[in-house]
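Asker: Take this structure first; my questions come after.
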Amino acid sequence: MIRIFLLILLLTAPALPVVAQAGHPLHLCPGTDIKVTLEENATTGDLWSLAQEPGNLRVLENRCVRRSTDRRGAPGFRVFRIRATGLGKAKLVFQCRRAGGRDGAAVRAFTVPVEVTPRTSPTEVLTEAVFVRPGTRFTVSLDSNASTGYSWTAPRVARTSVVKALEPRSHGSESTLPGAGGTTDFVFEGLRQGTSQVTSTYQRPFGPDHEPARTLFLLVEVAP
């Protein structure tokens with residue numbers, strides 16, 4: 001009788017939200033931005049929002065990006081661009097709620113700890129965080145200009161069992177001016193549940209100064 005009662009409790013208990021949290025804080029400097037991309041599906045009513053805006057961070061952009069596919073009901077992405085305005089530690093807590101769901105409970109959550117510190121290096125750091133489901137592909141687009149001798153190094157993925165880097169793509173500028181810049185697109189695919197860091201540097205492979213002009217730091221969370 002007790003076993004049957006416990007089984008009924010398990011079957012009727014509400015599903016807990018999927019919660020993901022980065023282990024180490026992402027470092028920003030005052031005036032720099034973090035871009036957060038979250039997979040969502042408006043057709044099912046699953047929409048992401050920022051639970052609370054920390055005092056030393058300001059939301060500059062909150063938009064929905066549709067994927068280029070003809071498949072009806074295909075998920076898209078919610079993109080936030082957030083700027084550091086003051087020193088200190090903070091947490092960005094994102095919640096995905098289902099419209100019409102019971103009590104408006106979150107079906108998943110993503111927490112990104114952030115620490116804003118003074119700038120100590122001339123290298124520009126591009127910081128991004130991505131939350132996707134297994135099997136989802138996403139693109140990180142970066143400004144580049146091959147005519148300057150600078151190029152982005154192949155992305156270094158910390159945990160290749162969680163996220164996989166696919167073949168990058170380069171696009172020239174639409175401008176006809178000589179030396180006009182373009183973009184480099186890094187394409188990734190989430191494989192299984194977990195967290196991985198991805199880094200890349202924008203630098204010249206020759207010359208006396210090998211210090212990168214820019215560094216990409218990407219945090220990827222893959223969860224159902």
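Here's how to read the names in the structure tokens: chain A, B, ... by the order shown, residue numbers from 1 in each chain, ligand numbers from 1 in the order shown.
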I want to know what sits within 8 Å of range 153-170 of chain A, based on only C-alpha atoms, with residues of the same chain fewer than 6 positions away left out; could you give that as a PyMOL selection string?
Answerer: chain A and resi 182-203+220+222
Asker: Hey, can you spit out that residue selection with C-alpha atoms as a PDB file, in the first residue's frame?
Answerer:
```
ATOM      1  CA  GLY A 182      33.359  41.761 -42.698  1.00  0.00           C
ATOM      2  CA  THR A 183      32.242  39.138 -40.198  1.00  0.00           C
ATOM      3  CA  THR A 184      33.340  35.701 -39.008  1.00  0.00           C
ATOM      4  CA  ASP A 185      30.539  33.341 -37.957  1.00  0.00           C
ATOM      5  CA  PHE A 186      31.300  30.571 -35.476  1.00  0.00           C
ATOM      6  CA  VAL A 187      28.633  27.855 -35.591  1.00  0.00           C
ATOM      7  CA  PHE A 188      28.108  25.535 -32.617  1.00  0.00           C
ATOM      8  CA  GLU A 189      25.800  22.684 -31.698  1.00  0.00           C
ATOM      9  CA  GLY A 190      24.656  21.714 -28.211  1.00  0.00           C
ATOM     10  CA  LEU A 191      25.214  17.992 -27.672  1.00  0.00           C
ATOM     11  CA  ARG A 192      24.204  17.000 -24.153  1.00  0.00           C
ATOM     12  CA  GLN A 193      23.386  18.551 -20.813  1.00  0.00           C
ATOM     13  CA  GLY A 194      26.232  20.451 -19.233  1.00  0.00           C
ATOM     14  CA  THR A 195      28.273  23.655 -19.280  1.00  0.00           C
ATOM     15  CA  SER A 196      31.267  24.545 -21.418  1.00  0.00           C
ATOM     16  CA  GLN A 197      33.460  27.553 -21.997  1.00  0.00           C
ATOM     17  CA  VAL A 198      34.573  28.589 -25.476  1.00  0.00           C
ATOM     18  CA  THR A 199      37.349  31.079 -26.227  1.00  0.00           C
ATOM     19  CA  SER A 200      38.901  32.642 -29.313  1.00  0.00           C
ATOM     20  CA  THR A 201      41.297  35.525 -29.940  1.00  0.00           C
ATOM     21  CA  TYR A 202      41.520  38.116 -32.705  1.00  0.00           C
ATOM     22  CA  GLN A 203      45.188  38.650 -33.479  1.00  0.00           C
ATOM     23  CA  VAL A 220      27.378  27.713 -23.179  1.00  0.00           C
ATOM     24  CA  VAL A 222      22.974  22.950 -22.672  1.00  0.00           C
TER      25      VAL A 222
END
```
Asker: List the spatial neighbours of range 50-64 of chain A as a ChimeraX atom specification - criterion: any atom at most 6 Å away, only C-alpha atoms, same-chain residues fewer than 6 positions off excluded.
Answerer: /A:77-86,93-94
Asker: Run DSSP on the backbone and give me the residues of range 27-158 of chain A it puts in strand (DSSP E), as an NGL selection string.
Answerer: :A and (27-28 or 33-40 or 46-50 or 57-65 or 76-84 or 88-98 or 106-116 or 124-132 or 137-144 or 151-152 or 156-157)
Asker: What is the distance, in Å and to one decimal place, between CA of Cys96 in chain A and CA of Glu115 in chain A?
Answerer: 23.6 Å
Asker: One decimal, in Å: what's the spacing between CA of Val140 in chain A and CA of Thr43 in chain A?
Answerer: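 Separation between CA of Val140 in chain A and CA of Thr43 in chain A: 24.3 Å.
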Asker: For range 128-130 of chain A, work out the shell of residues within 6 Å, counting only C-alpha atoms and skipping chain neighbours fewer than 3 positions away, then give it as a PyMOL selection string.
Answerer: chain A and resi 34-38+218-220
Asker: At a cut-off of 12 Å, using only C-alpha atoms, what residues contact Ser121 in chain A? Leave out same-chain residues fewer than 3 positions from it and give the result as a ChimeraX atom specification.
Answerer: /A:28-29,117-118,124-125,211-215
Asker: I'd like the contact shell of Gly76 in chain A - 12 Å cut-off, only C-alpha atoms, skipping same-chain residues fewer than 6 positions apart - returned as a ChimeraX atom specification.
Answerer: /A:37-48,63-69,131-133,136-138
Asker: Write the residues of the selection above to a file with N, CA and C atoms, as a PDB file, in the first residue's frame.
Answerer:
```pdb
ATOM      1  N   THR A  37      21.994  34.886 -25.057  1.00  0.00           N
ATOM      2  CA  THR A  37      21.091  34.316 -26.052  1.00  0.00           C
ATOM      3  C   THR A  37      20.436  33.074 -25.473  1.00  0.00           C
ATOM      4  N   LEU A  38      19.093  33.041 -25.483  1.00  0.00           N
ATOM      5  CA  LEU A  38      18.332  31.975 -24.853  1.00  0.00           C
ATOM      6  C   LEU A  38      17.352  31.374 -25.853  1.00  0.00           C
ATOM      7  N   GLU A  39      17.415  30.069 -26.013  1.00  0.00           N
ATOM      8  CA  GLU A  39      16.489  29.409 -26.940  1.00  0.00           C
ATOM      9  C   GLU A  39      15.076  29.438 -26.377  1.00  0.00           C
ATOM     10  N   GLU A  40      14.118  29.874 -27.187  1.00  0.00           N
ATOM     11  CA  GLU A  40      12.726  29.901 -26.757  1.00  0.00           C
ATOM     12  C   GLU A  40      11.815  29.575 -27.943  1.00  0.00           C
ATOM     13  N   ASN A  41      10.571  29.256 -27.631  1.00  0.00           N
ATOM     14  CA  ASN A  41       9.604  28.905 -28.669  1.00  0.00           C
ATOM     15  C   ASN A  41       8.291  29.617 -28.362  1.00  0.00           C
ATOM     16  N   ALA A  42       8.048  30.704 -29.074  1.00  0.00           N
ATOM     17  CA  ALA A  42       6.851  31.509 -28.828  1.00  0.00           C
ATOM     18  C   ALA A  42       5.576  30.760 -29.185  1.00  0.00           C
ATOM     19  N   THR A  43       5.659  29.802 -30.131  1.00  0.00           N
ATOM     20  CA  THR A  43       4.461  29.071 -30.544  1.00  0.00           C
ATOM     21  C   THR A  43       3.925  28.173 -29.430  1.00  0.00           C
ATOM     22  N   THR A  44       4.793  27.767 -28.501  1.00  0.00           N
ATOM     23  CA  THR A  44       4.353  26.955 -27.367  1.00  0.00           C
ATOM     24  C   THR A  44       4.114  27.809 -26.128  1.00  0.00           C
ATOM     25  N   GLY A  45       4.396  29.107 -26.247  1.00  0.00           N
ATOM     26  CA  GLY A  45       4.195  30.005 -25.117  1.00  0.00           C
ATOM     27  C   GLY A  45       5.367  30.074 -24.161  1.00  0.00           C
ATOM     28  N   ASP A  46       6.495  29.448 -24.510  1.00  0.00           N
ATOM     29  CA  ASP A  46       7.682  29.472 -23.650  1.00  0.00           C
ATOM     30  C   ASP A  46       8.481  30.735 -23.951  1.00  0.00           C
ATOM     31  N   LEU A  47       8.503  31.672 -22.995  1.00  0.00           N
ATOM     32  CA  LEU A  47       9.156  32.957 -23.208  1.00  0.00           C
ATOM     33  C   LEU A  47      10.083  33.269 -22.041  1.00  0.00           C
ATOM     34  N   TRP A  48      11.288  33.803 -22.380  1.00  0.00           N
ATOM     35  CA  TRP A  48      12.285  34.147 -21.374  1.00  0.00           C
ATOM     36  C   TRP A  48      12.123  35.606 -20.936  1.00  0.00           C
ATOM     37  N   ARG A  63      15.215  41.377 -27.409  1.00  0.00           N
ATOM     38  CA  ARG A  63      14.510  41.137 -28.669  1.00  0.00           C
ATOM     39  C   ARG A  63      14.430  39.649 -28.979  1.00  0.00           C
ATOM     40  N   CYS A  64      13.478  39.321 -29.835  1.00  0.00           N
ATOM     41  CA  CYS A  64      13.295  37.932 -30.280  1.00  0.00           C
ATOM     42  C   CYS A  64      13.872  37.786 -31.677  1.00  0.00           C
ATOM     43  N   VAL A  65      14.660  36.730 -31.879  1.00  0.00           N
ATOM     44  CA  VAL A  65      15.283  36.468 -33.177  1.00  0.00           C
ATOM     45  C   VAL A  65      14.740  35.147 -33.709  1.00  0.00           C
ATOM     46  N   ARG A  66      14.114  35.190 -34.866  1.00  0.00           N
ATOM     47  CA  ARG A  66      13.585  33.984 -35.484  1.00  0.00           C
ATOM     48  C   ARG A  66      14.667  33.281 -36.286  1.00  0.00           C
ATOM     49  N   ARG A  67      14.661  31.963 -36.261  1.00  0.00           N
ATOM     50  CA  ARG A  67      15.634  31.205 -37.046  1.00  0.00           C
ATOM     51  C   ARG A  67      15.185  31.148 -38.493  1.00  0.00           C
ATOM     52  N   SER A  68      16.150  31.105 -39.410  1.00  0.00           N
ATOM     53  CA  SER A  68      15.849  31.064 -40.843  1.00  0.00           C
ATOM     54  C   SER A  68      15.503  29.631 -41.235  1.00  0.00           C
ATOM     55  N   THR A  69      14.242  29.271 -41.050  1.00  0.00           N
ATOM     56  CA  THR A  69      13.769  27.939 -41.408  1.00  0.00           C
ATOM     57  C   THR A  69      12.306  28.030 -41.809  1.00  0.00           C
ATOM     58  N   PHE A 131      22.121  29.750 -23.822  1.00  0.00           N
ATOM     59  CA  PHE A 131      21.374  28.624 -23.256  1.00  0.00           C
ATOM     60  C   PHE A 131      20.598  27.973 -24.398  1.00  0.00           C
ATOM     61  N   VAL A 132      20.896  26.700 -24.688  1.00  0.00           N
ATOM     62  CA  VAL A 132      20.199  25.971 -25.752  1.00  0.00           C
ATOM     63  C   VAL A 132      19.881  24.558 -25.288  1.00  0.00           C
ATOM     64  N   ARG A 133      19.013  23.903 -26.045  1.00  0.00           N
ATOM     65  CA  ARG A 133      18.688  22.514 -25.789  1.00  0.00           C
ATOM     66  C   ARG A 133      19.611  21.608 -26.621  1.00  0.00           C
ATOM     67  N   THR A 136      20.438  21.728 -30.720  1.00  0.00           N
ATOM     68  CA  THR A 136      20.239  23.055 -31.298  1.00  0.00           C
ATOM     69  C   THR A 136      21.565  23.640 -31.764  1.00  0.00           C
ATOM     70  N   ARG A 137      21.540  24.223 -32.943  1.00  0.00           N
ATOM     71  CA  ARG A 137      22.707  24.928 -33.471  1.00  0.00           C
ATOM     72  C   ARG A 137      22.524  26.431 -33.301  1.00  0.00           C
ATOM     73  N   PHE A 138      23.613  27.121 -33.037  1.00  0.00           N
ATOM     74  CA  PHE A 138      23.561  28.568 -32.873  1.00  0.00           C
ATOM     75  C   PHE A 138      24.840  29.173 -33.433  1.00  0.00           C
TER      76      PHE A 138
END
```
Asker: Could you give me the residues within range 68-179 of chain A that DSSP places in helix (DSSP H, G or I), as a list in words?
Answerer: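 Here are the helix (DSSP H, G or I) residues of range 68-179 of chain A: Arg102, Asp103, Gly104, Ala146, Ser147 and Thr148 of chain A.
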